[in-house]
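Next up, target.cif (mmCIF, C-alpha atoms):
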```cif
data_entry
#
loop_
_atom_site.label_atom_id
_atom_site.label_comp_id
_atom_site.auth_asym_id
_atom_site.auth_seq_id
_atom_site.Cartn_x
_atom_site.Cartn_y
_atom_site.Cartn_z
CA MET A 267 -20.00 -140.74 5.34
CA LYS A 268 -22.26 -139.66 2.51
CA LEU A 269 -20.36 -136.45 1.66
CA LEU A 270 -17.15 -138.45 1.25
CA GLU A 271 -18.75 -141.20 -0.84
CA GLU A 272 -20.22 -138.58 -3.15
CA ARG A 273 -16.82 -136.93 -3.48
CA ILE A 274 -15.11 -140.24 -4.24
CA GLU A 275 -17.72 -140.96 -6.92
CA LYS A 276 -17.29 -137.48 -8.40
CA ASP A 277 -13.50 -137.01 -8.26
CA GLY A 278 -11.92 -140.38 -7.51
CA ILE A 279 -10.13 -142.04 -10.40
CA VAL A 280 -10.27 -145.83 -10.62
CA ILE A 281 -7.46 -147.56 -12.49
CA GLY A 282 -8.11 -151.23 -13.16
CA THR A 283 -9.93 -152.86 -10.27
CA ASP A 284 -7.45 -152.08 -7.51
CA ILE A 285 -6.16 -148.48 -7.67
CA LEU A 286 -8.29 -145.58 -6.45
CA LYS A 287 -6.69 -142.17 -6.79
CA VAL A 288 -8.10 -139.38 -4.64
CA ASP A 289 -5.42 -136.85 -5.54
CA MET A 290 -8.06 -134.25 -6.35
CA PHE A 291 -9.23 -133.75 -2.76
CA LEU A 292 -7.11 -135.79 -0.33
CA ASN A 293 -3.67 -137.01 -1.41
CA HIS A 294 -2.14 -134.26 -3.50
CA GLN A 295 -4.64 -131.43 -3.50
CA ILE A 296 -6.51 -131.22 -0.19
CA ASP A 297 -10.05 -129.85 0.04
CA THR A 298 -9.83 -128.20 3.45
CA VAL A 299 -13.61 -127.99 3.87
CA LEU A 300 -14.04 -131.72 3.32
CA LEU A 301 -10.98 -132.34 5.50
CA ASP A 302 -12.62 -130.54 8.40
CA GLU A 303 -15.78 -132.64 7.97
CA ILE A 304 -13.62 -135.78 8.04
CA GLY A 305 -11.97 -134.62 11.27
CA LYS A 306 -15.37 -133.88 12.79
CA GLU A 307 -16.70 -137.31 11.80
CA PHE A 308 -13.75 -139.11 13.41
CA TYR A 309 -14.46 -137.15 16.57
CA ARG A 310 -18.13 -138.17 16.46
CA LEU A 311 -17.13 -141.84 16.07
CA PHE A 312 -14.41 -141.95 18.75
CA LYS A 313 -15.30 -139.16 21.17
CA ASP A 314 -16.20 -141.59 23.95
CA LYS A 315 -12.75 -143.20 23.81
CA LYS A 316 -9.80 -141.98 25.84
CA VAL A 317 -7.36 -140.42 23.38
CA ASP A 318 -4.07 -138.90 24.52
CA LYS A 319 -2.47 -138.75 21.09
CA ILE A 320 -3.35 -139.40 17.49
CA LEU A 321 -0.81 -141.56 15.67
CA THR A 322 -0.44 -141.57 11.88
CA VAL A 323 2.26 -141.94 9.24
CA GLU A 324 3.68 -139.42 6.80
CA ALA A 325 2.83 -138.03 4.37
CA SER A 326 -0.82 -138.36 3.42
CA GLY A 327 -1.98 -139.26 6.92
CA ILE A 328 -0.81 -135.98 8.42
CA ALA A 329 -3.53 -133.63 7.21
CA ILE A 330 -6.26 -136.07 8.25
CA ALA A 331 -4.77 -136.72 11.68
CA VAL A 332 -4.44 -132.98 12.31
CA ALA A 333 -8.04 -132.37 11.24
CA ALA A 334 -9.23 -134.94 13.77
CA ALA A 335 -6.80 -133.84 16.50
CA ARG A 336 -8.26 -130.32 16.49
CA TYR A 337 -11.55 -131.77 17.73
CA PHE A 338 -9.93 -134.09 20.28
CA GLU A 339 -7.59 -131.27 21.38
CA VAL A 340 -4.63 -133.65 21.48
CA PRO A 341 -1.25 -133.71 19.69
CA VAL A 342 -0.55 -135.66 16.52
CA VAL A 343 2.51 -137.89 16.25
CA PHE A 344 3.40 -138.96 12.75
CA ALA A 345 5.71 -141.90 12.06
CA LYS A 346 8.49 -141.11 9.65
CA LYS A 347 9.37 -143.29 6.70
CA SER A 348 12.92 -144.05 5.78
CA SER A 349 14.46 -146.29 3.17
CA HIS A 350 17.33 -147.09 5.56
CA LYS A 351 17.24 -148.79 8.94
CA TYR A 352 17.58 -146.58 11.99
CA ILE A 353 20.32 -147.27 14.45
CA ASP A 354 19.07 -144.70 16.95
CA SER A 355 18.04 -146.48 20.13
CA ASP A 356 15.60 -143.71 20.99
CA ILE A 357 13.26 -144.68 18.15
CA TYR A 358 10.65 -147.42 17.89
CA THR A 359 10.92 -148.90 14.41
CA VAL A 360 9.13 -151.46 12.29
CA GLU A 361 9.62 -152.69 8.75
CA CYS A 362 6.66 -152.14 6.45
CA TYR A 363 6.04 -153.33 2.90
CA SER A 364 4.21 -150.85 0.68
CA TYR A 365 2.20 -152.39 -2.17
CA THR A 366 1.80 -148.90 -3.67
CA HIS A 367 5.55 -148.46 -4.03
CA GLY A 368 6.57 -152.12 -4.25
CA SER A 369 9.26 -151.68 -1.63
CA THR A 370 9.96 -152.03 2.08
CA TYR A 371 10.62 -149.03 4.28
CA THR A 372 11.31 -148.48 7.97
CA MET A 373 8.64 -146.66 9.94
CA GLY A 374 9.96 -144.87 13.02
CA VAL A 375 8.64 -142.90 16.00
CA SER A 376 10.79 -141.25 18.68
CA LYS A 377 10.21 -142.95 21.99
CA LYS A 378 9.67 -139.70 23.85
CA TYR A 379 6.51 -138.88 21.90
CA LEU A 380 4.77 -142.15 22.83
CA PRO A 381 5.01 -142.32 26.60
CA ASP A 382 4.35 -145.64 28.28
CA ASN A 383 0.69 -146.34 28.99
CA SER A 384 -0.73 -143.70 26.60
CA ASP A 385 -4.13 -144.04 24.92
CA ILE A 386 -3.78 -143.85 21.16
CA LEU A 387 -6.11 -143.33 18.21
CA ILE A 388 -4.59 -144.41 14.89
CA ILE A 389 -5.71 -142.40 11.83
CA ASP A 390 -4.79 -143.03 8.20
CA ASP A 391 -6.02 -142.23 4.72
CA PHE A 392 -6.30 -145.73 3.20
CA LEU A 393 -6.70 -149.26 4.46
CA ALA A 394 -6.22 -152.13 2.00
CA GLY A 395 -4.02 -155.07 2.99
CA GLY A 396 -3.50 -153.43 6.37
CA ASN A 397 0.30 -153.30 6.38
CA ALA A 398 0.55 -149.64 7.43
CA SER A 399 -2.04 -150.11 10.21
CA ARG A 400 -0.27 -153.22 11.50
CA ALA A 401 3.04 -151.33 11.50
CA LEU A 402 1.49 -148.51 13.57
CA LEU A 403 -0.06 -151.11 15.93
CA ASN A 404 3.36 -152.70 16.28
CA ILE A 405 4.91 -149.38 17.25
CA ALA A 406 2.12 -148.68 19.75
CA LYS A 407 2.71 -152.13 21.27
CA GLN A 408 6.47 -151.54 21.56
CA ALA A 409 5.61 -148.28 23.35
CA ASN A 410 3.26 -150.12 25.72
CA CYS A 411 0.37 -147.93 24.58
CA ARG A 412 -3.29 -148.88 24.18
CA VAL A 413 -4.86 -148.45 20.73
CA ASN A 414 -8.47 -147.51 21.44
CA GLY A 415 -9.51 -147.07 17.85
CA ILE A 416 -8.39 -147.05 14.23
CA GLY A 417 -9.95 -144.46 11.93
CA VAL A 418 -9.53 -144.77 8.19
CA VAL A 419 -10.86 -142.46 5.50
CA ILE A 420 -11.18 -145.02 2.69
CA GLU A 421 -11.15 -148.78 3.19
CA LYS A 422 -10.83 -151.12 0.26
CA GLY A 423 -13.36 -153.63 1.55
CA PHE A 424 -12.37 -156.19 -1.09
CA GLN A 425 -8.92 -156.49 0.46
CA PRO A 426 -8.34 -158.39 3.73
CA GLY A 427 -6.95 -155.67 6.04
CA GLY A 428 -10.25 -154.43 7.44
CA LYS A 429 -11.66 -157.86 8.24
CA GLU A 430 -8.42 -158.95 9.89
CA LEU A 431 -8.29 -155.89 12.14
CA ARG A 432 -11.97 -156.21 13.15
CA ASP A 433 -11.55 -159.95 13.80
CA ALA A 434 -8.56 -159.10 16.00
CA GLY A 435 -10.90 -156.94 18.11
CA TYR A 436 -9.87 -153.46 17.07
CA ASP A 437 -12.52 -150.76 16.88
CA LEU A 438 -11.92 -149.92 13.23
CA ARG A 439 -14.12 -147.25 11.64
CA SER A 440 -13.83 -146.43 7.95
CA LEU A 441 -15.60 -143.35 6.62
CA ALA A 442 -16.08 -145.02 3.24
CA ILE A 443 -15.77 -148.74 2.47
CA VAL A 444 -15.37 -149.56 -1.20
CA GLU A 445 -17.06 -152.89 -1.86
CA SER A 446 -15.92 -153.10 -5.46
CA MET A 447 -14.78 -150.73 -8.14
CA SER A 448 -13.99 -150.55 -11.81
CA GLU A 449 -13.67 -147.83 -14.38
CA ASP A 450 -17.47 -148.04 -14.74
CA GLY A 451 -18.16 -147.12 -11.13
CA ILE A 452 -17.74 -147.68 -7.42
CA SER A 453 -20.02 -149.46 -4.97
CA PHE A 454 -19.83 -148.84 -1.24
CA ARG A 455 -20.55 -151.12 1.71
CA HIS A 456 -22.61 -149.62 4.54
CA ASP A 457 -23.10 -152.31 7.19
CA GLU A 458 -19.83 -151.52 8.99
CA ALA A 459 -19.60 -147.78 8.28
CA MET B 215 5.41 -114.42 16.66
CA LYS B 216 6.07 -114.39 20.36
CA LEU B 217 4.25 -117.64 21.19
CA LEU B 218 6.34 -119.46 18.59
CA GLU B 219 9.65 -117.97 19.73
CA GLU B 220 8.88 -118.97 23.30
CA ARG B 221 8.08 -122.50 22.17
CA ILE B 222 11.29 -122.76 20.14
CA GLU B 223 13.27 -121.59 23.18
CA LYS B 224 11.47 -124.08 25.42
CA ASP B 225 11.35 -127.20 23.22
CA GLY B 226 13.69 -126.63 20.25
CA ILE B 227 16.90 -128.63 20.30
CA VAL B 228 20.00 -126.98 18.85
CA ILE B 229 22.74 -129.27 17.58
CA GLY B 230 25.97 -127.45 16.83
CA THR B 231 25.31 -124.03 15.30
CA ASP B 232 23.23 -125.11 12.31
CA ILE B 233 20.64 -127.74 13.22
CA LEU B 234 17.44 -126.78 15.02
CA LYS B 235 15.09 -129.65 15.78
CA VAL B 236 11.47 -128.80 16.48
CA ASP B 237 10.26 -132.42 16.53
CA MET B 238 8.51 -131.79 19.84
CA PHE B 239 5.80 -129.52 18.43
CA LEU B 240 6.08 -129.23 14.63
CA ASN B 241 7.99 -131.88 12.70
CA HIS B 242 7.27 -135.20 14.36
CA GLN B 243 4.83 -134.45 17.14
CA ILE B 244 2.46 -131.61 16.23
CA ASP B 245 0.95 -129.33 18.84
CA THR B 246 -2.41 -128.69 17.21
CA VAL B 247 -3.17 -125.64 19.36
CA LEU B 248 0.07 -123.92 18.32
CA LEU B 249 -0.53 -125.09 14.75
CA ASP B 250 -3.86 -123.29 14.66
CA GLU B 251 -2.21 -120.08 15.95
CA ILE B 252 0.39 -120.40 13.18
CA GLY B 253 -2.35 -120.75 10.57
CA LYS B 254 -4.18 -117.73 12.00
CA GLU B 255 -0.96 -115.64 11.94
CA PHE B 256 -0.30 -116.47 8.28
CA TYR B 257 -3.84 -115.36 7.52
CA ARG B 258 -3.29 -112.07 9.36
CA LEU B 259 -0.08 -111.46 7.40
CA PHE B 260 -1.40 -112.36 3.94
CA LYS B 261 -5.16 -111.79 4.13
CA ASP B 262 -5.01 -108.78 1.76
CA LYS B 263 -3.36 -110.87 -0.95
CA LYS B 264 -5.31 -112.81 -3.55
CA VAL B 265 -4.83 -116.49 -2.75
CA ASP B 266 -6.44 -119.23 -4.85
CA LYS B 267 -4.33 -122.06 -3.51
CA ILE B 268 -1.67 -122.68 -0.90
CA LEU B 269 1.35 -124.57 -2.23
CA THR B 270 3.71 -126.54 0.01
CA VAL B 271 5.85 -129.68 -0.08
CA GLU B 272 5.52 -132.96 1.79
CA ALA B 273 5.81 -133.99 4.54
CA SER B 274 6.37 -131.38 7.22
CA GLY B 275 4.81 -128.52 5.21
CA ILE B 276 1.42 -130.22 5.00
CA ALA B 277 0.08 -129.63 8.50
CA ILE B 278 1.12 -125.96 8.41
CA ALA B 279 -0.34 -125.33 4.97
CA VAL B 280 -3.62 -126.94 6.00
CA ALA B 281 -3.77 -124.84 9.18
CA ALA B 282 -3.40 -121.67 7.10
CA ALA B 283 -5.73 -122.84 4.33
CA ARG B 284 -8.62 -123.22 6.78
CA TYR B 285 -8.52 -119.45 7.35
CA PHE B 286 -8.12 -118.60 3.66
CA GLU B 287 -10.81 -121.16 2.76
CA VAL B 288 -8.75 -122.42 -0.18
CA PRO B 289 -7.30 -125.84 -1.11
CA VAL B 290 -3.77 -126.96 -0.33
CA VAL B 291 -1.59 -128.50 -3.01
CA PHE B 292 1.47 -130.31 -1.75
CA ALA B 293 4.39 -131.14 -4.00
CA LYS B 294 5.50 -134.76 -3.80
CA LYS B 295 9.08 -135.81 -3.37
CA SER B 296 10.55 -138.67 -5.29
CA SER B 297 14.04 -140.07 -5.53
CA HIS B 298 13.47 -140.91 -9.20
CA LYS B 299 12.71 -138.58 -12.11
CA TYR B 300 9.14 -138.48 -13.32
CA ILE B 301 8.42 -139.25 -16.94
CA ASP B 302 4.76 -138.27 -16.66
CA SER B 303 4.11 -135.27 -18.91
CA ASP B 304 1.20 -134.16 -16.74
CA ILE B 305 3.50 -133.18 -13.86
CA TYR B 306 5.59 -130.06 -13.30
CA THR B 307 8.91 -131.17 -11.85
CA VAL B 308 12.06 -129.59 -10.50
CA GLU B 309 15.24 -131.02 -9.02
CA CYS B 310 15.97 -129.96 -5.46
CA TYR B 311 19.02 -130.55 -3.29
CA SER B 312 18.30 -131.18 0.39
CA TYR B 313 21.07 -130.21 2.80
CA THR B 314 19.23 -132.06 5.56
CA HIS B 315 19.41 -135.36 3.70
CA GLY B 316 22.50 -134.68 1.61
CA SER B 317 20.78 -135.82 -1.58
CA THR B 318 18.84 -134.55 -4.59
CA TYR B 319 15.20 -135.36 -5.11
CA THR B 320 12.57 -134.53 -7.70
CA MET B 321 9.69 -132.35 -6.53
CA GLY B 322 6.52 -132.78 -8.58
CA VAL B 323 3.02 -131.28 -8.83
CA SER B 324 0.28 -132.48 -11.18
CA LYS B 325 -0.46 -129.81 -13.75
CA LYS B 326 -4.21 -129.99 -13.19
CA TYR B 327 -3.92 -128.72 -9.60
CA LEU B 328 -2.09 -125.52 -10.58
CA PRO B 329 -4.24 -123.97 -13.30
CA ASP B 330 -2.70 -121.27 -15.47
CA ASN B 331 -2.93 -117.77 -13.96
CA SER B 332 -3.64 -118.86 -10.36
CA ASP B 333 -2.65 -116.78 -7.33
CA ILE B 334 -0.47 -118.80 -5.00
CA LEU B 335 0.73 -118.51 -1.42
CA ILE B 336 3.74 -120.71 -0.65
CA ILE B 337 3.95 -122.07 2.91
CA ASP B 338 6.75 -124.12 4.44
CA ASP B 339 8.15 -125.04 7.82
CA PHE B 340 11.81 -124.01 7.44
CA LEU B 341 13.77 -121.58 5.28
CA ALA B 342 17.57 -121.82 5.34
CA GLY B 343 19.46 -121.82 2.04
CA GLY B 344 16.14 -121.46 0.24
CA ASN B 345 16.35 -124.49 -2.03
CA ALA B 346 12.88 -125.80 -1.27
CA SER B 347 11.31 -122.34 -1.70
CA ARG B 348 13.10 -121.81 -5.01
CA ALA B 349 11.91 -125.23 -6.18
CA LEU B 350 8.30 -124.31 -5.35
CA LEU B 351 8.75 -120.94 -7.08
CA ASN B 352 10.09 -122.76 -10.12
CA ILE B 353 7.02 -125.00 -10.22
CA ALA B 354 4.69 -121.99 -9.86
CA LYS B 355 6.52 -120.29 -12.74
CA GLN B 356 6.21 -123.36 -14.95
CA ALA B 357 2.49 -123.32 -14.17
CA ASN B 358 2.28 -119.61 -15.09
CA CYS B 359 0.99 -118.80 -11.59
CA ARG B 360 1.67 -115.69 -9.50
CA VAL B 361 3.32 -116.17 -6.10
CA ASN B 362 1.82 -113.42 -3.95
CA GLY B 363 3.59 -114.39 -0.76
CA ILE B 364 5.88 -116.88 0.93
CA GLY B 365 5.14 -117.79 4.53
CA VAL B 366 7.71 -119.66 6.59
CA VAL B 367 7.42 -120.80 10.19
CA ILE B 368 11.13 -120.69 11.08
CA GLU B 369 13.79 -118.86 9.06
CA LYS B 370 17.45 -119.40 9.73
CA GLY B 371 18.42 -115.76 9.33
CA PHE B 372 22.13 -116.58 9.32
CA GLN B 373 21.71 -118.48 6.06
CA PRO B 374 21.24 -116.67 2.74
CA GLY B 375 17.81 -117.92 1.57
CA GLY B 376 15.69 -115.23 3.23
CA LYS B 377 17.77 -112.27 2.03
CA GLU B 378 17.88 -113.64 -1.51
CA LEU B 379 14.11 -114.08 -1.70
CA ARG B 380 13.44 -110.59 -0.24
CA ASP B 381 16.00 -109.02 -2.59
CA ALA B 382 14.26 -110.76 -5.48
CA GLY B 383 11.07 -108.93 -4.47
CA TYR B 384 9.06 -111.70 -2.87
CA ASP B 385 6.82 -110.88 0.07
CA LEU B 386 8.45 -113.31 2.48
CA ARG B 387 7.15 -113.45 6.05
CA SER B 388 8.79 -115.66 8.65
CA LEU B 389 7.03 -116.21 11.97
CA ALA B 390 10.38 -116.60 13.73
CA ILE B 391 13.79 -115.58 12.39
CA VAL B 392 16.71 -117.19 14.17
CA GLU B 393 19.60 -114.70 14.14
CA SER B 394 22.05 -117.10 15.73
CA MET B 395 21.95 -120.22 17.84
CA SER B 396 24.12 -122.56 19.79
CA GLU B 397 23.59 -125.12 22.49
CA ASP B 398 23.65 -122.20 24.96
CA GLY B 399 20.66 -120.44 23.45
CA ILE B 400 18.86 -118.90 20.50
CA SER B 401 18.57 -115.22 19.53
CA PHE B 402 15.81 -113.98 17.25
CA ARG B 403 15.71 -111.12 14.74
CA HIS B 404 12.61 -108.93 14.80
CA ASP B 405 13.06 -106.25 12.15
CA GLU B 406 11.62 -108.37 9.31
CA ALA B 407 9.21 -110.49 11.29
#
```

Show me, as structure tokens, the structure contained in the file I just sent.
Amino acid sequence: MKLLEERIEKDGIVIGTDILKVDMFLNHQIDTVLLDEIGKEFYRLFKDKKVDKILTVEASGIAIAVAAARYFEVPVVFAKKSSHKYIDSDIYTVECYSYTHGSTYTMGVSKKYLPDNSDILIIDDFLAGGNASRALLNIAKQANCRVNGIGVVIEKGFQPGGKELRDAGYDLRSLAIVESMSEDGISFRHDEA
Amino acid sequence: MKLLEERIEKDGIVIGTDILKVDMFLNHQIDTVLLDEIGKEFYRLFKDKKVDKILTVEASGIAIAVAAARYFEVPVVFAKKSSHKYIDSDIYTVECYSYTHGSTYTMGVSKKYLPDNSDILIIDDFLAGGNASRALLNIAKQANCRVNGIGVVIEKGFQPGGKELRDAGYDLRSLAIVESMSEDGISFRHDEA
């Protein structure tokens, strides 16, 4: 998505060779015009899929999932993060390790919002190692739901998550795939966009 | 807002006399059609105010702030919550006690996203004691910004936050004000809606 790549080049901040901060327009301040274009693009990419609900995880996935859900005209369900384990039997949970925070948290979704046999589109802001996506896939599997697509705004193509999910057969679409980055600049991959 | 009150009556879950769960359509699953109506209503209420940015706090404020921001055509800035204190000098911070979680967290906003002299609209999902709103007001004050309005989806009118903010002169608008509630039902106040 050219508009997004241009925005990442203009306002993204690269720290070292691994951290890309997009706080200026996506993860702290949100450019609502760009956000709407992102939602529209996810709809263009997945509109032929059956989608009953869009599943994401708090906090930075919420705005993106809502922007897409407006076009699909479906509800969003966002997994909640907790540092403690749930004991509530009405919640699907999975443990997830966050490289960003260097800690493990429990991701949880109330069972009643993922009815058996639903068709799900997973949406998230970043894909790197793929831990968050795998956690959401795990929850969808517990709920006996089909995941008909995974939409990611920014994929770090130099990390293994994207390849692993594609190899596993998921229809993963990333609006921007960073091939490599440094403080001197960012290069994008286009063959899988 | 009649549509919202009807939805709270239909799908809100009251626990005791103090807890109102709206996980079905706002805080875990999000009804994107209702969300758009909420955004439109905030625009109707505050459209004559100067608004450069909408300020909210993660996670459940994000979807609502974004829904309103689409109508105002301005960016959203969401404060981040952290259990540790920031030492970064580029961030405005304030301590906030959450009754919901029974713990204190640090709310932070990067200075660069709240430029001096900006006109701010604060948006949040719930107002009860008013701690989160006061924390956002504190951050806006540190940033030397004007808060031209505070928009809340659900106010617990039997708690003191709303009266305190109105008495302090803020233009606070709540889309639904719960006068009292129990497991038998919910009554709404309409005089300040």

Non-local contacts of A:Tyr363 (10 Å; all atoms listed in the file; under 3 positions in same chain excluded) as an NGL selection string: :A and (366-372 or 397-398 or 401)

Selected residue of minimal separation from chain A among B:Thr231, B:Ser303, B:Ser324, B:Ser312, counting only C-alpha atoms: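 Counting only C-alpha atoms, the residue closest to chain A is B:Ser324.
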
Contacts of chain A with chain B up to 9 Å, shortest pair per row, only C-alpha atoms, as CSV:
```
residue,atom,partner,partner_atom,distance
A:Met290,CA,B:Tyr327,CA,7.6
A:Phe291,CA,B:Pro289,CA,8.3
A:Asn293,CA,B:Phe292,CA,8.5
A:His294,CA,B:Phe292,CA,5.6
A:Gln295,CA,B:Val291,CA,4.3
A:Ile296,CA,B:Val290,CA,5.1
A:Asp297,CA,B:Pro289,CA,5.0
A:Thr298,CA,B:Pro289,CA,5.7
A:Val299,CA,B:Glu287,CA,7.5
A:Asp302,CA,B:Arg284,CA,8.5
A:Glu324,CA,B:Ala273,CA,6.3
A:Ala325,CA,B:Ala273,CA,5.0
A:Ser326,CA,B:Ala273,CA,8.0
A:Ile328,CA,B:Ala277,CA,6.4
A:Ala329,CA,B:Ala277,CA,5.5
A:Val332,CA,B:Ala277,CA,6.8
A:Ala333,CA,B:Val280,CA,8.7
A:Ala335,CA,B:Thr246,CA,6.8
A:Arg336,CA,B:Thr246,CA,6.1
A:Glu339,CA,B:Thr246,CA,7.1
A:Val340,CA,B:Thr246,CA,6.9
A:Pro341,CA,B:Asp245,CA,5.0
A:Val342,CA,B:Ile244,CA,5.1
A:Val343,CA,B:Gln243,CA,4.2
A:Phe344,CA,B:His242,CA,5.6
A:Ala345,CA,B:His242,CA,7.3
A:Lys346,CA,B:His242,CA,7.7
A:Val375,CA,B:His242,CA,8.0
A:Ser376,CA,B:His242,CA,8.2
A:Lys378,CA,B:Met238,CA,8.9
A:Tyr379,CA,B:Gln243,CA,6.7
```

12 Å contact set for B:Lys355, only C-alpha atoms, chain neighbours under 2 positions out, as a ChimeraX atom specification: /B:306-308,325,328-334,348-353,357-361

The PyMOL selection byres ((chain A and resi 267-272) around 8) on the file shown: which residues, as a tab-separated table (two decimals) with C-alpha atoms, in the coordinates of the input?
```tsv
chain	number	residue	atom	x	y	z
A	273	ARG	CA	-16.82	-136.93	-3.48
A	274	ILE	CA	-15.11	-140.24	-4.24
A	275	GLU	CA	-17.72	-140.96	-6.92
A	276	LYS	CA	-17.29	-137.48	-8.40
A	300	LEU	CA	-14.04	-131.72	3.32
A	441	LEU	CA	-15.60	-143.35	6.62
A	442	ALA	CA	-16.08	-145.02	3.24
A	454	PHE	CA	-19.83	-148.84	-1.24
A	459	ALA	CA	-19.60	-147.78	8.28
```

Gap from atom CA of B:Asp405 to atom CA of B:Asp262 - Å, one decimal: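 Separation between atom CA of B:Asp405 and atom CA of B:Asp262: 21.0 Å.
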
Selection result for the PyMOL selection byres ((chain B and resi 366-370) around 9) on this file, as a ChimeraX atom specification: /B:218,232,252,256,278,336-343,364-365,371-376,386-394

Save the residues we just selected, C-alpha atoms, as a JSON list (two decimals), keeping the file's coordinate frame?
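The result, written out as selection_0.json:
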```json
[["chain", "number", "residue", "atom", "x", "y", "z"],
["B", 218, "LEU", "CA", 6.34, -119.46, 18.59],
["B", 232, "ASP", "CA", 23.23, -125.11, 12.31],
["B", 252, "ILE", "CA", 0.39, -120.40, 13.18],
["B", 256, "PHE", "CA", -0.30, -116.47, 8.28],
["B", 278, "ILE", "CA", 1.12, -125.96, 8.41],
["B", 336, "ILE", "CA", 3.74, -120.71, -0.65],
["B", 337, "ILE", "CA", 3.95, -122.07, 2.91],
["B", 338, "ASP", "CA", 6.75, -124.12, 4.44],
["B", 339, "ASP", "CA", 8.15, -125.04, 7.82],
["B", 340, "PHE", "CA", 11.81, -124.01, 7.44],
["B", 341, "LEU", "CA", 13.77, -121.58, 5.28],
["B", 342, "ALA", "CA", 17.57, -121.82, 5.34],
["B", 343, "GLY", "CA", 19.46, -121.82, 2.04],
["B", 364, "ILE", "CA", 5.88, -116.88, 0.93],
["B", 365, "GLY", "CA", 5.14, -117.79, 4.53],
["B", 371, "GLY", "CA", 18.42, -115.76, 9.33],
["B", 372, "PHE", "CA", 22.13, -116.58, 9.32],
["B", 373, "GLN", "CA", 21.71, -118.48, 6.06],
["B", 374, "PRO", "CA", 21.24, -116.67, 2.74],
["B", 375, "GLY", "CA", 17.81, -117.92, 1.57],
["B", 376, "GLY", "CA", 15.69, -115.23, 3.23],
["B", 386, "LEU", "CA", 8.45, -113.31, 2.48],
["B", 387, "ARG", "CA", 7.15, -113.45, 6.05],
["B", 388, "SER", "CA", 8.79, -115.66, 8.65],
["B", 389, "LEU", "CA", 7.03, -116.21, 11.97],
["B", 390, "ALA", "CA", 10.38, -116.60, 13.73],
["B", 391, "ILE", "CA", 13.79, -115.58, 12.39],
["B", 392, "VAL", "CA", 16.71, -117.19, 14.17],
["B", 393, "GLU", "CA", 19.60, -114.70, 14.14],
["B", 394, "SER", "CA", 22.05, -117.10, 15.73]]
```

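Here atom CA of B:Gly322 and atom CA of B:Lys263 stand 25.2 Å from one another.
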
Computed interatomic separation between atom CA of B:Ile400 and atom CA of B:Val236 (Å):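 Interatomic distance, atom CA of B:Ile400 to atom CA of B:Val236: 13.0 Å.
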